[in-house]
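Participant: Please see the structure below; I have some questions.
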Amino acid sequence: STNTSTNTSTNTSTNASTNMSTVNTPLPPSATVVESGRLVTTTPSNALRPQPSMFTLLGLRSSPFWTSPNNNLPPGGKTNQRIAYGDEYVAEVVDKLEASYKEIKKEYMEAVMGISDGGKAVNTALMEGDYDANSTDQGHKLHKGSWDWHSYVQGGVKMDNSFRSLCPKTASIIDSLGTSLFSTPFSYVFFSTLHPGTTITPHSSAMNLRLRVHLPLIVPEFEWDALDKVGLECGGQKRVWEEGKAVVLDDSYVHHVWNNTTSTRVVLLVDIWHPDVTMEERKSTEEMFEYTKNMGWMK
């Protein structure tokens, strides 16, 4: 009787302890990749919804543009008053870029165009474009005409090129964005030069985890009611650029760009994390992409 009682007590205690230990052990972070069907419609409303081609994180706030078409703030107004949802995170990025607009444009003009502030030719080697028309990247198959990239970040990697040496202020500003800067294989920072007569055809990004910032450096002169000349459309909404005033868009919506003028349009393009993606989710996403890269699923 004693032995039975002792054994039963011991086994019950051990099992309970084991089960409790199992219950209290936290599961490691994980992500499950599944193949799913996609229903693609051809109705006009289709373009008005986010359509990331690869990856969707549910529950994120969504708007085709995160900046108001009206860049004029009232006296004493704050930048977040022209940002969707009054978002302070996006407003901080916009403030940093706009505050350095003149310095960034000066570096672009000297490094890419070879022209100094005074309009004289610069006697230094110019930065070479890194747009590869033969790339298998879908982003390189979207345009008709002439489109140049001069990149600081490409595919989430800071380029080992002349960008930092020729545009040190711009590189420093980008670096100062810190954890706001998007950090996956779908992250880009580059001077986007759209030459006359060039269009970028309608498309959507691979995921809804990022927002894309355009800091306009050079905008062709045109009549403001002539949006067929130069502009961009995202989620069915049209915008024009104004030099020095950032445009923030969610490029998981279908969007396209056109420059039907006789002048060049230039923006500094910067990808940042969507403000609703938490730091833990960012870390997990980075680890997921690192894993897929190590497995050979991504280049």
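Chain labels run A, B, ... following the order of the structure tokens; each chain numbers its residues from 1, and ligands are numbered from 1 in the order shown.
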Please build the interface table for region 178-293 of chain A against region 82-87 of chain A with a cut-off of 12 Å, listing for each qualifying residue the nearest atom pair and the distance in Å to one decimal; count only C-alpha atoms, order rows by chain and increasing number, and write it as a Markdown table.
Facilitator:
| residue | atom | partner | partner_atom | distance |
| --- | --- | --- | --- | --- |
| A:Leu211 | CA | A:Ala84 | CA | 12.0 |
| A:Lys245 | CA | A:Arg82 | CA | 11.0 |
| A:Ala246 | CA | A:Ile83 | CA | 10.4 |
| A:Val247 | CA | A:Ile83 | CA | 9.7 |
| A:Val248 | CA | A:Ile83 | CA | 8.6 |
| A:Leu249 | CA | A:Ala84 | CA | 10.2 |
| A:Asp250 | CA | A:Ala84 | CA | 11.2 |
| A:His274 | CA | A:Asp87 | CA | 10.7 |
| A:Pro275 | CA | A:Asp87 | CA | 8.1 |
| A:Asp276 | CA | A:Asp87 | CA | 10.1 |
Participant: Take the residues from that selection and put them in a file with N, CA and C atoms, as a PDB file, in the first residue's frame.
Facilitator:
ATOM      1  N   LEU A 211       6.720  52.042 -46.882  1.00  0.00           N
ATOM      2  CA  LEU A 211       6.203  53.227 -47.553  1.00  0.00           C
ATOM      3  C   LEU A 211       7.349  53.778 -48.391  1.00  0.00           C
ATOM      4  N   LYS A 245       9.341  69.263 -51.529  1.00  0.00           N
ATOM      5  CA  LYS A 245       8.221  68.801 -50.718  1.00  0.00           C
ATOM      6  C   LYS A 245       8.016  67.297 -50.941  1.00  0.00           C
ATOM      7  N   ALA A 246       8.209  66.524 -49.891  1.00  0.00           N
ATOM      8  CA  ALA A 246       8.167  65.066 -50.011  1.00  0.00           C
ATOM      9  C   ALA A 246       6.766  64.557 -50.338  1.00  0.00           C
ATOM     10  N   VAL A 247       6.727  63.520 -51.139  1.00  0.00           N
ATOM     11  CA  VAL A 247       5.505  62.775 -51.418  1.00  0.00           C
ATOM     12  C   VAL A 247       5.717  61.369 -50.870  1.00  0.00           C
ATOM     13  N   VAL A 248       4.807  60.917 -50.006  1.00  0.00           N
ATOM     14  CA  VAL A 248       4.914  59.582 -49.421  1.00  0.00           C
ATOM     15  C   VAL A 248       3.750  58.744 -49.935  1.00  0.00           C
ATOM     16  N   LEU A 249       4.053  57.593 -50.518  1.00  0.00           N
ATOM     17  CA  LEU A 249       3.010  56.729 -51.057  1.00  0.00           C
ATOM     18  C   LEU A 249       3.173  55.297 -50.563  1.00  0.00           C
ATOM     19  N   ASP A 250       2.091  54.574 -50.599  1.00  0.00           N
ATOM     20  CA  ASP A 250       2.093  53.142 -50.310  1.00  0.00           C
ATOM     21  C   ASP A 250       2.101  52.438 -51.655  1.00  0.00           C
ATOM     22  N   HIS A 274       6.791  50.648 -42.878  1.00  0.00           N
ATOM     23  CA  HIS A 274       5.440  51.102 -42.553  1.00  0.00           C
ATOM     24  C   HIS A 274       5.392  51.337 -41.046  1.00  0.00           C
ATOM     25  N   PRO A 275       4.826  52.458 -40.592  1.00  0.00           N
ATOM     26  CA  PRO A 275       4.883  52.784 -39.162  1.00  0.00           C
ATOM     27  C   PRO A 275       4.182  51.790 -38.251  1.00  0.00           C
ATOM     28  N   ASP A 276       3.263  50.976 -38.789  1.00  0.00           N
ATOM     29  CA  ASP A 276       2.534  50.023 -37.954  1.00  0.00           C
ATOM     30  C   ASP A 276       3.273  48.702 -37.768  1.00  0.00           C
TER      31      ASP A 276
END
Participant: Quick one: pick out all strand (DSSP E) residues within region 38-229 of chain A from a backbone DSSP run and write them as a VMD selection string.
Facilitator: chain A and resid 143 to 144 147 to 154 157 to 158 188 to 194 198 to 203 210 to 218
Participant: Those selected residues, please, written with N, CA, C and O atoms and delivered as a CSV table (one decimal), in the first residue's frame.
Facilitator:
chain,number,residue,atom,x,y,z
A,143,HIS,N,9.6,50.3,-67.4
A,143,HIS,CA,9.5,51.6,-68.0
A,143,HIS,C,9.6,51.6,-69.5
A,143,HIS,O,10.1,50.6,-70.1
A,144,LYS,N,9.2,52.7,-70.1
A,144,LYS,CA,9.3,52.9,-71.5
A,144,LYS,C,10.0,54.3,-71.7
A,144,LYS,O,9.4,55.3,-71.2
A,147,TRP,N,15.3,55.8,-68.0
A,147,TRP,CA,15.2,56.0,-66.6
A,147,TRP,C,16.5,55.6,-66.0
A,147,TRP,O,17.0,54.5,-66.1
A,148,ASP,N,17.1,56.5,-65.2
A,148,ASP,CA,18.4,56.3,-64.6
A,148,ASP,C,18.3,56.2,-63.1
A,148,ASP,O,17.5,56.9,-62.5
A,149,TRP,N,19.1,55.2,-62.5
A,149,TRP,CA,19.2,55.1,-61.1
A,149,TRP,C,20.6,55.4,-60.7
A,149,TRP,O,21.6,55.0,-61.4
A,150,HIS,N,20.8,56.1,-59.6
A,150,HIS,CA,22.1,56.3,-58.9
A,150,HIS,C,21.9,55.9,-57.5
A,150,HIS,O,21.3,56.7,-56.7
A,151,SER,N,22.3,54.7,-57.1
A,151,SER,CA,21.8,54.0,-55.9
A,151,SER,C,22.8,54.1,-54.7
A,151,SER,O,24.0,54.0,-54.9
A,152,TYR,N,22.2,54.3,-53.5
A,152,TYR,CA,22.9,54.2,-52.3
A,152,TYR,C,22.6,52.8,-51.6
A,152,TYR,O,23.4,52.2,-51.0
A,153,VAL,N,21.3,52.4,-51.7
A,153,VAL,CA,20.8,51.1,-51.2
A,153,VAL,C,20.1,50.4,-52.4
A,153,VAL,O,19.2,51.0,-53.0
A,154,GLN,N,20.5,49.2,-52.6
A,154,GLN,CA,19.9,48.4,-53.6
A,154,GLN,C,19.6,47.0,-53.1
A,154,GLN,O,20.6,46.3,-52.7
A,157,VAL,N,21.0,46.4,-49.6
A,157,VAL,CA,22.4,46.5,-49.3
A,157,VAL,C,22.9,47.8,-49.7
A,157,VAL,O,22.6,48.3,-50.8
A,158,LYS,N,23.7,48.5,-48.8
A,158,LYS,CA,24.4,49.7,-49.2
A,158,LYS,C,25.5,49.4,-50.2
A,158,LYS,O,26.3,48.6,-50.0
A,188,TYR,N,15.2,50.1,-51.2
A,188,TYR,CA,16.0,50.9,-52.2
A,188,TYR,C,16.1,52.3,-51.7
A,188,TYR,O,15.2,52.9,-51.1
A,189,VAL,N,17.2,52.9,-52.0
A,189,VAL,CA,17.4,54.4,-51.9
A,189,VAL,C,18.2,54.8,-53.1
A,189,VAL,O,19.3,54.3,-53.3
A,190,PHE,N,17.7,55.6,-54.0
A,190,PHE,CA,18.5,56.1,-55.1
A,190,PHE,C,17.9,57.4,-55.7
A,190,PHE,O,16.7,57.7,-55.5
A,191,PHE,N,18.8,58.0,-56.5
A,191,PHE,CA,18.3,59.2,-57.3
A,191,PHE,C,17.6,58.6,-58.5
A,191,PHE,O,18.2,57.8,-59.3
A,192,SER,N,16.3,58.9,-58.6
A,192,SER,CA,15.5,58.4,-59.8
A,192,SER,C,15.4,59.6,-60.8
A,192,SER,O,14.7,60.6,-60.5
A,193,THR,N,16.0,59.4,-61.9
A,193,THR,CA,16.0,60.4,-63.0
A,193,THR,C,15.2,59.9,-64.1
A,193,THR,O,15.5,58.9,-64.8
A,194,LEU,N,14.0,60.5,-64.3
A,194,LEU,CA,13.1,60.2,-65.4
A,194,LEU,C,13.2,61.2,-66.5
A,194,LEU,O,12.9,62.3,-66.4
A,198,THR,N,9.3,59.6,-70.9
A,198,THR,CA,9.4,58.3,-70.2
A,198,THR,C,8.2,58.0,-69.3
A,198,THR,O,7.8,58.9,-68.6
A,199,THR,N,7.8,56.8,-69.3
A,199,THR,CA,6.7,56.4,-68.4
A,199,THR,C,7.1,55.1,-67.7
A,199,THR,O,7.9,54.3,-68.2
A,200,ILE,N,6.6,55.0,-66.5
A,200,ILE,CA,6.8,53.8,-65.7
A,200,ILE,C,5.4,53.2,-65.6
A,200,ILE,O,4.4,53.8,-65.1
A,201,THR,N,5.2,52.0,-66.2
A,201,THR,CA,3.9,51.4,-66.3
A,201,THR,C,3.2,51.0,-65.0
A,201,THR,O,4.0,50.8,-64.0
A,202,PRO,N,1.9,50.8,-64.9
A,202,PRO,CA,1.2,50.5,-63.7
A,202,PRO,C,1.8,49.2,-63.1
A,202,PRO,O,1.9,48.2,-63.8
A,203,HIS,N,2.0,49.2,-61.8
A,203,HIS,CA,2.5,48.0,-61.1
A,203,HIS,C,2.3,48.2,-59.6
A,203,HIS,O,2.0,49.3,-59.2
A,210,ARG,N,6.3,48.5,-46.4
A,210,ARG,CA,7.1,49.7,-46.6
A,210,ARG,C,6.2,50.8,-47.1
A,210,ARG,O,5.1,50.6,-47.6
A,211,LEU,N,6.7,52.0,-46.9
A,211,LEU,CA,6.2,53.2,-47.6
A,211,LEU,C,7.3,53.8,-48.4
A,211,LEU,O,8.5,53.6,-48.0
A,212,ARG,N,7.0,54.4,-49.5
A,212,ARG,CA,8.0,54.9,-50.4
A,212,ARG,C,8.0,56.5,-50.4
A,212,ARG,O,6.9,57.0,-50.6
A,213,VAL,N,9.1,57.1,-50.2
A,213,VAL,CA,9.2,58.5,-50.1
A,213,VAL,C,9.9,59.1,-51.3
A,213,VAL,O,11.0,58.6,-51.7
A,214,HIS,N,9.3,60.1,-52.0
A,214,HIS,CA,9.9,60.8,-53.1
A,214,HIS,C,10.2,62.2,-52.5
A,214,HIS,O,9.4,62.9,-52.1
A,215,LEU,N,11.5,62.6,-52.6
A,215,LEU,CA,11.9,63.9,-52.3
A,215,LEU,C,12.2,64.6,-53.7
A,215,LEU,O,13.3,64.3,-54.3
A,216,PRO,N,11.3,65.4,-54.2
A,216,PRO,CA,11.6,66.0,-55.6
A,216,PRO,C,12.7,67.0,-55.6
A,216,PRO,O,12.7,67.9,-54.8
A,217,LEU,N,13.7,66.7,-56.5
A,217,LEU,CA,14.8,67.6,-56.6
A,217,LEU,C,14.7,68.5,-57.9
A,217,LEU,O,15.0,69.7,-57.8
A,218,ILE,N,14.2,67.9,-58.9
A,218,ILE,CA,14.0,68.7,-60.2
A,218,ILE,C,12.6,68.3,-60.7
A,218,ILE,O,12.3,67.1,-61.0
Participant: Write out as a list in words which residues come within 8 Å of Leu60 (chain A) when counting only C-alpha atoms, dropping same-chain ones fewer than 2 positions away.
Facilitator: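 Everything that qualifies: Leu57, Leu58, Ser62, Asp276 and Val277 of chain A.
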Participant: One number please: CA of Ser180 (chain A) to CA of Glu88 (chain A), in Å, one decimal.
Facilitator: 12.0 Å
Participant: One number please: CA of Asn80 (chain A) to CA of Leu97 (chain A), in Å, one decimal.
Facilitator: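 Separation between CA of Asn80 (chain A) and CA of Leu97 (chain A): 14.1 Å.
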Participant: Find, counting only C-alpha atoms, the residue in A:Ser252, A:Thr179, A:Asn208, A:Ser146 that gets nearest to Pro196 (chain A).
Facilitator: A:Ser146
Participant: With only C-alpha atoms as the counted atoms, please give the residues lying no more than 6 Å from region 101-117 of chain A, apart from itself and same-chain residues fewer than 3 positions off, as a list of chain:residue names.
Facilitator: A:Glu98, A:Lys120, A:Ala121, A:Val122, A:Leu126, A:Met127, A:Leu166, A:Cys167, A:Thr170, A:Leu217, A:Gly244
Participant: Do a neighbour search on Ser187 (chain A) at 6 Å with only C-alpha atoms, toss out local chain neighbours closer than 4 positions, and write the hits as a ChimeraX atom specification.
Facilitator: /A:155-156,182-183,271
Participant: Given the selection you just returned, output its residues as a file containing C-alpha atoms, formatted as a PDB file, in the first residue's frame.
Facilitator:
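Dumped everything to selection-v9.pdb:
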ATOM      1  CA  GLY A 155      18.110  45.209 -52.566  1.00  0.00           C
ATOM      2  CA  GLY A 156      18.628  46.121 -48.915  1.00  0.00           C
ATOM      3  CA  PHE A 182      13.458  49.688 -44.714  1.00  0.00           C
ATOM      4  CA  SER A 183      15.815  46.726 -44.359  1.00  0.00           C
ATOM      5  CA  ASP A 271      12.024  53.251 -48.676  1.00  0.00           C
TER       6      ASP A 271
END
Participant: Can you measure CA of Trp66 (chain A) to CA of Arg164 (chain A) for me? One decimal in Å is fine.
Facilitator: 28.9 Å
